[in-house]
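Enquirer: Sending over a structure as structure tokens; questions will come in a sec.
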Amino acid sequence: MPIVNIPLFIKNMGHKILGFILNIEEDVALGVLNGQYDISEEKAEVLKGFIKICRRLRMQGIDQGDVDFSVFHTLPQILQDNRHIFNIWHEQLGGEKVHVDIPDPVASSASKIALEVFPLFLINLPTNSHFFMNTFSHLSSLTYQLHERQILIDSIMADRSLAKLFTNVGENEMDTHCQYMASSGRGGGLQLAVFPETLIANTYELMKMRGNISRDALLASVAENIEMLRNLGEGKQIEVPAFVGFHNVGLDDFSEMEIENGKIRTYNEEILSLIPNQARPSILGGQNKILGLVLEYKYPYEIILGEQQGSKNWPPQLEQARKKLALFQENLSFALALAINRTPAIGINQAWSLVFDPLSHGTNISWGNSVKSPMPHYLLKSDEIEAITYWSKIINDSDDEKIRLAIRRILSSINERMNPIDGFIDSIIAWENLFGGNAELSYRISVSIAKLLKENSEERLELQSKVVKYYTERSKIVHGVKEISHDDAVKKRDECLQIALDAIKKLYKEHHDLLSDTERSKKLALL
């Protein structure tokens with residue numbers, strides 16, 4: 001078997017593109033890159049051709065002063081008989097041919113273009129070039145050369161719903177355009193001349209967000225994206241996928257799960273490539289586990305087409321979309337804190353968010369520069385899925401607005417307060433919201449907690465005394481009368497947090513009617 005010397009710049013493109021071109025499994029492709037597998041003479045010749053093309057483009061880039069730009073901008077332009085060379089090589093080596101049998105003319109043309117572009121999606125792009133952050137930038141040169149592109153444009157304008165997206169129809173695709181404003185706060189121009197490239201780029205980004213890079217996943221994303229666009233053309237409100245990344249808690253022996261408001265999944269290579277380095281989760285040393293998880297849910301979205309005068313009063317569900325997002329994040333963190341019996345409680349931190357926009361060019365992501373947690377990390381196990389699902393549903397179905405301040409203080413303590421003294425204070429504020437009143441706060445709170453959590457009088461008296469002690473200490477700390485050490489603050493925070501969580505669990509499970517009752521402490525005392 002021939003041995004091919006694979007240069008580093010080819011290895012940096014990754015094993016996935018090599019596997020596609022040579023029509024071999026990904027693990028075999030990885031072995032070929034690492035010199036662990038031999039390949040047939042036919043495959044070796046194709047690999048040599050690939051290396052030769054990339055080497056030539058690199059030489060051109062040296063002359064032009066930008067090697068990466070030359071390679072990755074020009075590779076999409078290498079066609080033969082209106083087919084990209086990667087697809088030709090793939091089929092020559094026994095790979096599946098591009099075949100689309102879809103009755104919908106728009107979806108059919110878009111799918112053919114997407115499948116022709118597909119191998120370019122498999123290349124690892126340089127992370128140090130801002131030019132490649134937007135899929136639209138370097139792949140448009142390929143779509144512009146495909147005959148199917150004009151068929152797609154004609155199909156779009158022949159489609160009753162999609163054609164409505166373009167309020168100004170000119171003599172050609174350059175003159176056919178529209179202005180739009182989206183309920184997400186974004187807006188801009190929409191031009192038919194670049195619409196096919198935007199459609200394909202967004203289709204890929206949607207597939208990438210979900211971490212499944214395959215032809216079938218690509219076709220599913222094409223269909224989903226076109227359906228969204230048609231509904232927008234008809235002036236309908238739609239739901240678009242939204243993603244939020246969290247740190248400090250990862251998935252151990254499972255990769256995804258359904259919860260009440262969406263889906264939780266682990267980070268994957270594809271979604272990691274979409275977010276900046278400073279927003280990426282850390283890796284648990286020695287175990288190669290990602291200390292983060294991603295929440296996907298549906299986000300309400302609507303657009304206004306045409307030139308706008310003044311401001312738009314969006315329907316309430318659109319105006320409240322951001323608040324709903326914040327509530328989803330609260331509920332996820334709270335469900336995890338209730339479901340996982342650990343002291344200290346587990347905490348998650350939002351690192352970034354992304355709302356899919358079917359009309360924009362490429363991915364738009366928001367992130368924070370520093371994401372830290374006061375709590376130790378945690379890896380969720382598959383045998384904890386049932387408890388997480390249970391608490392997610394209970395929280396979602398409950399009228400718990402009257403105790404939301406307590407919930408937010410608990411989450412502040414476990415997710416934000418790096419100083420444990422602040423976490424200790426927040427946990428007792430949660431007690432006050434749950435069981436406080438206008439007078440005799442320590443007595444009311446301590447009696448309510450003791451009555452709720454303990455069964456016999458001796459245990460209740462012991463817990464009641466402990467709660468009073470903590471409450472008194474909190475008052476002294478707040479008023480500057482007393483100081484405590486860091487270790488003591490951690491101990492007090494963790495115990496007071498656990499009391500708050502235990503009390504809320506009892507309320508949800510055994511006294512659900514008291515969640516919305518402002519007299520809950522009095523009624524608990526009379527039980």
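Quick note on naming: the chains in the structure tokens go A, B, ... in the order shown, residues restart at 1 in each chain, and ligands are numbered from 1 in order of appearance.
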Any chance you could list, as an mmCIF file with C-alpha atoms, in the first residue's frame, the residues in stretch 246-328 of chain A that come up strand (DSSP E or B) when DSSP is run on the backbone?

Expert:
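Contents of selection.cif, freshly written:
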data_model
loop_
_atom_site.group_PDB
_atom_site.id
_atom_site.type_symbol
_atom_site.label_atom_id
_atom_site.label_comp_id
_atom_site.auth_asym_id
_atom_site.auth_seq_id
_atom_site.Cartn_x
_atom_site.Cartn_y
_atom_site.Cartn_z
ATOM 1 C CA PHE A 246 -24.037 27.292 30.775
ATOM 2 C CA HIS A 247 -20.831 26.459 32.619
ATOM 3 C CA VAL A 249 -22.232 21.598 35.272
ATOM 4 C CA GLY A 250 -21.707 19.014 32.556
ATOM 5 C CA LEU A 251 -23.231 15.737 31.382
ATOM 6 C CA GLU A 256 -28.928 15.027 25.877
ATOM 7 C CA MET A 257 -32.302 15.024 27.604
ATOM 8 C CA GLU A 258 -35.728 16.628 27.250
ATOM 9 C CA ILE A 259 -36.980 18.993 29.947
ATOM 10 C CA GLY A 262 -36.643 22.510 25.844
ATOM 11 C CA LYS A 263 -33.708 20.194 25.469
ATOM 12 C CA ILE A 264 -30.422 19.974 27.353
ATOM 13 C CA ARG A 265 -27.376 18.669 25.498
ATOM 14 C CA THR A 266 -23.675 18.545 26.021
ATOM 15 C CA ILE A 283 -12.519 20.739 30.644
ATOM 16 C CA LEU A 284 -12.360 18.504 33.707
ATOM 17 C CA LYS A 289 -15.402 15.972 30.434
ATOM 18 C CA ILE A 290 -16.787 19.353 29.407
ATOM 19 C CA GLY A 292 -20.929 22.918 30.558
ATOM 20 C CA LEU A 293 -24.293 22.246 28.963
ATOM 21 C CA VAL A 294 -26.487 23.843 26.299
ATOM 22 C CA LEU A 295 -30.211 24.565 26.534
ATOM 23 C CA GLU A 296 -32.245 24.691 23.316
ATOM 24 C CA TYR A 297 -35.770 26.084 23.390
ATOM 25 C CA LYS A 298 -38.251 27.931 21.165
ATOM 26 C CA TYR A 299 -38.155 31.717 20.948
ATOM 27 C CA PRO A 300 -41.106 33.769 19.551
ATOM 28 C CA TYR A 301 -40.164 35.786 16.480
ATOM 29 C CA ILE A 303 -40.945 40.588 11.373
ATOM 30 C CA ILE A 304 -42.381 43.705 9.763
ATOM 31 C CA LEU A 305 -41.614 44.085 6.078
#

Enquirer: Stretch 136-153 of chain A: which residues within 9 Å, counting only C-alpha atoms, same-chain residues fewer than 4 positions away excluded, as a PyMOL selection string?

Expert: chain A and resi 69+72-79+82-84+105-110+112-114+116-117+120+131-132+157-158+173+192-198+200-202+361-362

Enquirer: Can you pull out the residues contacting A:Leu318? Cut-off 10 Å, using only C-alpha atoms, and skip same-chain residues under 4 positions away; I want them as a CSV table (one decimal) with C-alpha atoms, in the first residue's frame.

Expert:
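Contents of selection.csv, freshly written:
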chain,number,residue,atom,x,y,z
A,183,SER,CA,-39.1,41.5,17.1
A,184,SER,CA,-35.7,40.4,18.3
A,237,GLN,CA,-45.4,34.8,14.3
A,299,TYR,CA,-38.2,31.7,20.9
A,300,PRO,CA,-41.1,33.8,19.6
A,301,TYR,CA,-40.2,35.8,16.5
A,302,GLU,CA,-41.9,38.0,14.0
A,313,ASN,CA,-46.0,47.8,19.3
A,314,TRP,CA,-45.3,44.1,19.3
A,322,ARG,CA,-36.5,38.2,26.8
A,323,LYS,CA,-38.2,37.9,30.2
A,324,LYS,CA,-39.3,34.5,29.2

Enquirer: Give me, as a PyMOL selection string, all polymer residues having an atom no more than 7 Å from stretch 484-493 of chain A, counting only C-alpha atoms and skipping those fewer than 6 positions away in the same chain.

Expert: chain A and resi 420-421+423-424+427

Enquirer: Please provide the set of residues having any atom within 12 Å of A:Trp352, restricted to only C-alpha atoms, with same-chain residues fewer than 5 positions apart removed, written as a PDB file with C-alpha atoms, in the first residue's frame.

Expert:
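Dumped to part-v1.pdb:
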ATOM      1  CA  ALA A 242     -32.631  29.627  20.673  1.00  0.00           C
ATOM      2  CA  PHE A 243     -29.598  28.326  22.517  1.00  0.00           C
ATOM      3  CA  VAL A 244     -28.068  29.236  25.881  1.00  0.00           C
ATOM      4  CA  GLY A 245     -24.720  27.941  27.090  1.00  0.00           C
ATOM      5  CA  PHE A 246     -24.037  27.292  30.775  1.00  0.00           C
ATOM      6  CA  HIS A 247     -20.831  26.459  32.619  1.00  0.00           C
ATOM      7  CA  ILE A 271     -21.160  24.484  18.757  1.00  0.00           C
ATOM      8  CA  LEU A 272     -17.791  25.113  20.388  1.00  0.00           C
ATOM      9  CA  LEU A 274     -19.385  28.993  17.001  1.00  0.00           C
ATOM     10  CA  ILE A 275     -18.542  30.656  20.299  1.00  0.00           C
ATOM     11  CA  PRO A 276     -15.482  32.756  21.179  1.00  0.00           C
ATOM     12  CA  ASN A 277     -12.725  31.284  23.327  1.00  0.00           C
ATOM     13  CA  GLN A 278     -13.602  33.391  26.361  1.00  0.00           C
ATOM     14  CA  ALA A 279     -17.139  31.968  26.424  1.00  0.00           C
ATOM     15  CA  ARG A 280     -16.135  28.313  26.168  1.00  0.00           C
ATOM     16  CA  PRO A 281     -16.495  25.939  29.132  1.00  0.00           C
ATOM     17  CA  GLY A 292     -20.929  22.918  30.558  1.00  0.00           C
ATOM     18  CA  LEU A 293     -24.293  22.246  28.963  1.00  0.00           C
ATOM     19  CA  VAL A 294     -26.487  23.843  26.299  1.00  0.00           C
ATOM     20  CA  LEU A 295     -30.211  24.565  26.534  1.00  0.00           C
ATOM     21  CA  GLN A 329     -32.696  30.072  32.664  1.00  0.00           C
ATOM     22  CA  ASN A 364     -25.137  36.289  16.071  1.00  0.00           C
ATOM     23  CA  ILE A 365     -24.103  35.436  19.588  1.00  0.00           C
ATOM     24  CA  SER A 366     -23.948  37.332  22.880  1.00  0.00           C
ATOM     25  CA  TRP A 367     -21.521  36.358  25.590  1.00  0.00           C
ATOM     26  CA  GLY A 368     -19.857  37.495  28.788  1.00  0.00           C
ATOM     27  CA  ASN A 369     -16.112  37.812  29.210  1.00  0.00           C
ATOM     28  CA  SER A 370     -15.928  36.241  32.655  1.00  0.00           C
ATOM     29  CA  VAL A 371     -18.040  33.343  33.876  1.00  0.00           C
TER      30      VAL A 371
END

Enquirer: So the first atom is atom CA of A:Asn87 and the second is atom CA of A:Asn23; what is the distance between them in Å, to one decimal place?

Expert: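 According to the coordinates, atom CA of A:Asn87 and atom CA of A:Asn23 are separated by 10.1 Å.
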
Enquirer: Quick one: everything within 10 Å of A:Arg408, counting only C-alpha atoms, minus sequence neighbours fewer than 2 positions away in the same chain. Send it as an mmCIF file with C-alpha atoms, in the first residue's frame.

Expert:
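What follows is the written file result-v2.cif:
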data_model
loop_
_atom_site.group_PDB
_atom_site.id
_atom_site.type_symbol
_atom_site.label_atom_id
_atom_site.label_comp_id
_atom_site.auth_asym_id
_atom_site.auth_seq_id
_atom_site.Cartn_x
_atom_site.Cartn_y
_atom_site.Cartn_z
ATOM 1 C CA GLU A 330 -33.893 30.533 36.259
ATOM 2 C CA ASN A 331 -36.060 27.421 36.071
ATOM 3 C CA PHE A 334 -33.461 25.921 40.097
ATOM 4 C CA ILE A 403 -41.778 33.009 46.071
ATOM 5 C CA ARG A 404 -39.777 34.120 43.009
ATOM 6 C CA LEU A 405 -37.753 36.523 45.140
ATOM 7 C CA ALA A 406 -36.707 33.581 47.297
ATOM 8 C CA ILE A 410 -31.123 31.169 46.189
ATOM 9 C CA LEU A 411 -29.862 31.245 42.609
ATOM 10 C CA SER A 412 -27.847 34.366 43.347
ATOM 11 C CA SER A 413 -26.164 32.555 46.210
ATOM 12 C CA ILE A 414 -25.278 29.461 44.197
ATOM 13 C CA ASN A 415 -24.528 31.095 40.849
ATOM 14 C CA ASP A 426 -28.947 35.896 50.285
ATOM 15 C CA SER A 427 -30.042 32.514 51.620
ATOM 16 C CA ALA A 430 -34.856 33.699 50.799
#
